[in-house]
Amino acid sequence: MAEEATYRIRASFTAETITVYQAYSAHIGLSAARDGRFPAAWQRDRMTWIKPSFLWMMYRCGWATKDGQETVLAVEMSREGFAWALSHACLSHYRPVLHPEQATWKRQLKQAPARVQWDPERDVYLRPLPYRSLQLGLAGEAAHRYADEWVRAITDVTPRIQRIHRLLREGNRAEAERLLPVEALYPVEDHVLAHVRP
């Protein structure tokens with residue numbers, strides 16, 4: 001597979017928003033879904049990771065079974081905010097082709113309000129696929145703007161996840177896949193990703 005296709009963002013999106021996923025304890029997740037915003041217990045001063053890929057989120061949270069990740073949220077955020085975060089991000093690992101020296105990269109990583117990590121995408125059985133899925137870490141200004149400006153809606157998708165997982169355990173892959181969110185290549189200009197594409 002060509003590198004261009006390997007490092008592309010796949011997501012559910014509309015003309016105004018992109019859906020990203022996060023998993024939390026019920027204490028935070030249920031409150032956020034109920035109120036449409038993150039509660040006071042959500043720590044703005046810590047890095048928060050958002051994931052456009054539904055199945056990568058399932059891999060990370062074990063179909064909402066891991067401790068502290070029992071509630072999975074689908075967060076609709078503004079595409080404008082997503083673009084801002086990407087344009088202000090630093091790649092999470094050092095690559096000589098992007099950074100003249102490791103010290104420069106370390107300095108950029110420390111100062112950047114966002115960071116990008118690419119991990120193998122997953123299939124419905126959470127097996128790795130030959131292309132990568134974007135994870136976007138938000139800190140400092142980016143985390144504050146995410147919570148206070150960019151979030152448009154928050155939905156608890158845990159019941160849907162539990163149903164998909166049950167169908168897979170029962171061997172009903174076709175029905176499980178019909179419940180997956182529709183994701184496509186997210187339209188983003190090449191120059192927006194150039195500085196964070198390995």
# chains A, B, ... in the order shown; residues from 1 in each chain; ligands from 1

call {"tool": "residues_around", "arguments": {"residues": "region 38-52 of chain A", "least_positions_apart": "5", "cutoff": "7 Å", "atoms": "only C-alpha atoms", "output": "list in words"}}
result
Arg10, Ala11, Thr19, Val20, Tyr21, Gln22, Ile28, Ser31, Ala32, Met57, Leu134, Gln135, Leu136, Gly137, Leu138, Ala139, Gly140, Ala143, His144 and Ala147 of chain A

call {"tool": "write_last_selection", "arguments": {"atoms": "N, CA, C and O atoms", "output": "CSV table (one decimal), in the first residue's frame"}}
result
chain,number,residue,atom,x,y,z
A,10,ARG,N,-9.2,8.5,8.6
A,10,ARG,CA,-10.4,7.9,8.2
A,10,ARG,C,-11.4,8.2,9.4
A,10,ARG,O,-11.1,8.0,10.5
A,11,ALA,N,-12.6,8.7,9.0
A,11,ALA,CA,-13.5,9.2,10.1
A,11,ALA,C,-14.9,9.3,9.6
A,11,ALA,O,-15.2,9.3,8.4
A,19,THR,N,-16.3,13.3,13.9
A,19,THR,CA,-16.6,12.5,15.1
A,19,THR,C,-15.3,11.9,15.6
A,19,THR,O,-14.6,11.2,14.8
A,20,VAL,N,-15.0,12.1,16.8
A,20,VAL,CA,-13.8,11.5,17.5
A,20,VAL,C,-14.3,10.7,18.7
A,20,VAL,O,-15.4,11.0,19.2
A,21,TYR,N,-13.5,9.8,19.1
A,21,TYR,CA,-14.0,8.9,20.2
A,21,TYR,C,-13.0,9.0,21.4
A,21,TYR,O,-11.8,9.2,21.2
A,22,GLN,N,-13.6,8.9,22.6
A,22,GLN,CA,-12.8,8.9,23.8
A,22,GLN,C,-13.5,7.9,24.8
A,22,GLN,O,-14.8,7.8,24.8
A,28,ILE,N,-17.3,10.3,34.6
A,28,ILE,CA,-17.0,11.4,33.7
A,28,ILE,C,-17.9,11.2,32.4
A,28,ILE,O,-18.5,12.2,31.9
A,31,SER,N,-21.7,11.9,32.7
A,31,SER,CA,-22.0,13.3,32.9
A,31,SER,C,-21.8,14.1,31.7
A,31,SER,O,-22.6,15.0,31.3
A,32,ALA,N,-20.7,13.8,30.9
A,32,ALA,CA,-20.5,14.5,29.7
A,32,ALA,C,-21.6,14.3,28.6
A,32,ALA,O,-22.0,15.2,28.0
A,57,MET,N,-10.5,2.8,18.6
A,57,MET,CA,-11.0,3.1,20.0
A,57,MET,C,-11.4,1.8,20.7
A,57,MET,O,-11.2,1.6,21.9
A,134,LEU,N,-5.0,7.6,12.9
A,134,LEU,CA,-4.5,8.8,13.6
A,134,LEU,C,-5.0,8.9,15.1
A,134,LEU,O,-6.2,8.7,15.3
A,135,GLN,N,-4.1,9.2,16.0
A,135,GLN,CA,-4.5,9.5,17.3
A,135,GLN,C,-4.0,11.0,17.5
A,135,GLN,O,-2.9,11.3,17.2
A,136,LEU,N,-4.8,11.8,18.1
A,136,LEU,CA,-4.5,13.2,18.3
A,136,LEU,C,-4.5,13.6,19.7
A,136,LEU,O,-5.6,13.6,20.4
A,137,GLY,N,-3.4,13.9,20.3
A,137,GLY,CA,-3.3,14.3,21.7
A,137,GLY,C,-3.4,15.8,21.8
A,137,GLY,O,-2.7,16.6,21.1
A,138,LEU,N,-4.3,16.3,22.7
A,138,LEU,CA,-4.5,17.7,22.9
A,138,LEU,C,-4.1,18.1,24.4
A,138,LEU,O,-4.4,17.4,25.3
A,139,ALA,N,-3.3,19.1,24.4
A,139,ALA,CA,-2.8,19.6,25.7
A,139,ALA,C,-2.9,21.2,25.7
A,139,ALA,O,-3.0,21.8,24.7
A,140,GLY,N,-2.8,21.7,26.9
A,140,GLY,CA,-2.7,23.2,27.0
A,140,GLY,C,-3.8,23.9,26.3
A,140,GLY,O,-5.0,23.6,26.5
A,143,ALA,N,-6.4,21.6,24.5
A,143,ALA,CA,-7.3,20.9,25.4
A,143,ALA,C,-8.4,21.8,25.9
A,143,ALA,O,-9.6,21.4,25.9
A,144,HIS,N,-8.1,23.0,26.2
A,144,HIS,CA,-9.0,24.0,26.7
A,144,HIS,C,-10.0,24.4,25.6
A,144,HIS,O,-11.2,24.4,25.8
A,147,ALA,N,-12.5,21.5,24.8
A,147,ALA,CA,-13.6,21.4,25.8
A,147,ALA,C,-14.6,22.6,25.7
A,147,ALA,O,-15.8,22.4,25.8

call {"tool": "residues_around", "arguments": {"residues": "Tyr24 (chain A)", "least_positions_apart": "6", "cutoff": "7 Å", "atoms": "only C-alpha atoms", "output": "VMD selection string"}}
result
chain A and resid 68 to 72

call {"tool": "residues_around", "arguments": {"residues": "Ile18 (chain A)", "least_positions_apart": "2", "cutoff": "6 Å", "atoms": "only C-alpha atoms", "output": "MDAnalysis selection string"}}
result
chainID A and resid 13 76:77 79

call {"tool": "closest_residue", "arguments": {"among": "A:Ala74, A:Val196, A:Leu30, A:Met58", "to": "Glu121 (chain A)", "atoms": "only C-alpha atoms"}}
result
A:Met58

call {"tool": "residues_around", "arguments": {"residues": "Trp84 (chain A)", "least_positions_apart": "3", "cutoff": "12 Å", "atoms": "only C-alpha atoms", "output": "number ranges by chain"}}
result
A: 77-81, 87-89, 112-115, 136, 138, 141-143, 145-146, 149-150, 188, 192-193

call {"tool": "closest_residue", "arguments": {"among": "A:Lys66, A:Arg60, A:Lys110, A:Arg152", "to": "Leu126 (chain A)", "atoms": "only C-alpha atoms"}}
result
A:Arg60

call {"tool": "residues_around", "arguments": {"residues": "region 164-170 of chain A", "least_positions_apart": "5", "cutoff": "10 Å", "atoms": "only C-alpha atoms", "output": "PyMOL selection string"}}
result
chain A and resi 58+62-64+124-125+158-159+175-180

call {"tool": "write_last_selection", "arguments": {"atoms": "all heavy atoms", "output": "CSV table (one decimal), in the first residue's frame"}}
result
chain,number,residue,atom,x,y,z
A,58,MET,N,-12.1,0.9,19.9
A,58,MET,CA,-12.5,-0.4,20.4
A,58,MET,C,-11.2,-1.2,20.9
A,58,MET,O,-11.2,-1.9,21.9
A,58,MET,CB,-13.3,-1.2,19.4
A,58,MET,CG,-14.6,-0.6,19.1
A,58,MET,SD,-15.6,-0.1,20.5
A,58,MET,CE,-15.2,1.6,20.7
A,62,GLY,N,-10.9,-2.1,24.7
A,62,GLY,CA,-11.4,-3.5,24.8
A,62,GLY,C,-12.9,-3.6,24.7
A,62,GLY,O,-13.5,-4.3,25.6
A,63,TRP,N,-13.5,-2.9,23.8
A,63,TRP,CA,-15.0,-2.9,23.6
A,63,TRP,C,-15.6,-2.4,24.9
A,63,TRP,O,-16.6,-3.0,25.4
A,63,TRP,CB,-15.5,-4.3,23.2
A,63,TRP,CG,-15.1,-4.7,21.9
A,63,TRP,CD1,-14.1,-5.6,21.6
A,63,TRP,CD2,-15.6,-4.3,20.6
A,63,TRP,NE1,-14.0,-5.8,20.2
A,63,TRP,CE2,-14.9,-5.0,19.6
A,63,TRP,CE3,-16.7,-3.4,20.2
A,63,TRP,CZ2,-15.2,-4.8,18.2
A,63,TRP,CZ3,-16.9,-3.3,18.9
A,63,TRP,CH2,-16.2,-3.9,17.9
A,64,ALA,N,-15.1,-1.4,25.5
A,64,ALA,CA,-15.6,-0.7,26.7
A,64,ALA,C,-15.6,-1.6,27.9
A,64,ALA,O,-16.5,-1.6,28.8
A,64,ALA,CB,-17.0,-0.2,26.5
A,124,VAL,N,-12.6,-5.6,12.5
A,124,VAL,CA,-13.7,-5.8,13.5
A,124,VAL,C,-13.3,-6.8,14.6
A,124,VAL,O,-13.8,-6.7,15.7
A,124,VAL,CB,-15.0,-6.2,12.8
A,124,VAL,CG1,-14.9,-7.7,12.3
A,124,VAL,CG2,-16.2,-6.0,13.7
A,125,TYR,N,-12.3,-7.6,14.4
A,125,TYR,CA,-11.8,-8.5,15.4
A,125,TYR,C,-10.5,-7.9,16.1
A,125,TYR,O,-9.8,-8.6,16.9
A,125,TYR,CB,-11.4,-9.9,14.8
A,125,TYR,CG,-12.6,-10.6,14.3
A,125,TYR,CD1,-12.8,-10.8,13.0
A,125,TYR,CD2,-13.7,-11.0,15.2
A,125,TYR,CE1,-13.9,-11.5,12.5
A,125,TYR,CE2,-14.8,-11.6,14.7
A,125,TYR,CZ,-14.9,-11.9,13.4
A,125,TYR,OH,-16.1,-12.5,12.9
A,158,THR,N,-21.9,3.6,24.3
A,158,THR,CA,-21.5,2.3,24.9
A,158,THR,C,-22.6,1.2,24.7
A,158,THR,O,-22.2,0.1,24.4
A,158,THR,CB,-21.4,2.5,26.5
A,158,THR,OG1,-20.5,3.7,26.7
A,158,THR,CG2,-20.8,1.3,27.1
A,159,PRO,N,-23.9,1.5,24.7
A,159,PRO,CA,-24.9,0.4,24.4
A,159,PRO,C,-24.7,-0.2,23.0
A,159,PRO,O,-24.8,-1.4,22.9
A,159,PRO,CB,-26.2,1.1,24.6
A,159,PRO,CG,-25.9,2.2,25.6
A,159,PRO,CD,-24.6,2.7,25.2
A,175,GLU,N,-24.0,-8.9,10.9
A,175,GLU,CA,-24.9,-8.0,11.7
A,175,GLU,C,-24.1,-7.0,12.5
A,175,GLU,O,-24.4,-5.8,12.6
A,175,GLU,CB,-25.8,-8.8,12.6
A,175,GLU,CG,-26.8,-8.0,13.3
A,175,GLU,CD,-27.8,-7.2,12.4
A,175,GLU,OE1,-28.0,-7.7,11.3
A,175,GLU,OE2,-28.3,-6.2,12.8
A,176,ALA,N,-23.0,-7.4,13.1
A,176,ALA,CA,-22.1,-6.5,13.9
A,176,ALA,C,-21.6,-5.4,13.0
A,176,ALA,O,-21.6,-4.3,13.4
A,176,ALA,CB,-21.0,-7.3,14.5
A,177,GLU,N,-21.1,-5.8,11.8
A,177,GLU,CA,-20.5,-4.8,10.9
A,177,GLU,C,-21.6,-3.8,10.4
A,177,GLU,O,-21.3,-2.6,10.1
A,177,GLU,CB,-19.9,-5.4,9.7
A,177,GLU,CG,-18.6,-6.1,10.1
A,177,GLU,CD,-17.8,-6.8,8.9
A,177,GLU,OE1,-18.5,-7.1,7.9
A,177,GLU,OE2,-16.6,-6.9,9.1
A,178,ARG,N,-22.9,-4.2,10.3
A,178,ARG,CA,-23.9,-3.2,9.9
A,178,ARG,C,-24.1,-2.1,11.0
A,178,ARG,O,-24.7,-1.1,10.7
A,178,ARG,CB,-25.2,-4.0,9.7
A,178,ARG,CG,-25.3,-4.6,8.3
A,178,ARG,CD,-26.7,-5.0,8.0
A,178,ARG,NE,-27.1,-6.3,8.7
A,178,ARG,CZ,-26.9,-7.5,8.2
A,178,ARG,NH1,-26.3,-7.6,7.0
A,178,ARG,NH2,-27.2,-8.5,8.9
A,179,LEU,N,-23.7,-2.4,12.2
A,179,LEU,CA,-23.8,-1.4,13.3
A,179,LEU,C,-22.6,-0.5,13.4
A,179,LEU,O,-22.7,0.5,14.2
A,179,LEU,CB,-24.1,-2.2,14.6
A,179,LEU,CG,-25.4,-2.9,14.7
A,179,LEU,CD1,-25.4,-3.7,16.1
A,179,LEU,CD2,-26.6,-2.0,14.6
A,180,LEU,N,-21.6,-0.8,12.7
A,180,LEU,CA,-20.4,0.1,12.8
A,180,LEU,C,-20.7,1.5,12.1
A,180,LEU,O,-21.4,1.5,11.1
A,180,LEU,CB,-19.2,-0.5,12.0
A,180,LEU,CG,-18.7,-1.8,12.6
A,180,LEU,CD1,-17.6,-2.4,11.7
A,180,LEU,CD2,-18.2,-1.7,14.0

call {"tool": "atom_distance", "arguments": {"atom1": "CA of Arg37 (chain A)", "atom2": "CA of Leu73 (chain A)"}}
result
11.2 Å

call {"tool": "closest_residue", "arguments": {"among": "A:Ala194, A:Val182, A:Tyr131, A:His27", "to": "Thr14 (chain A)", "atoms": "only C-alpha atoms"}}
result
A:Val182

call {"tool": "atom_distance", "arguments": {"atom1": "CA of Thr6 (chain A)", "atom2": "CA of Val157 (chain A)"}}
result
27.5 Å
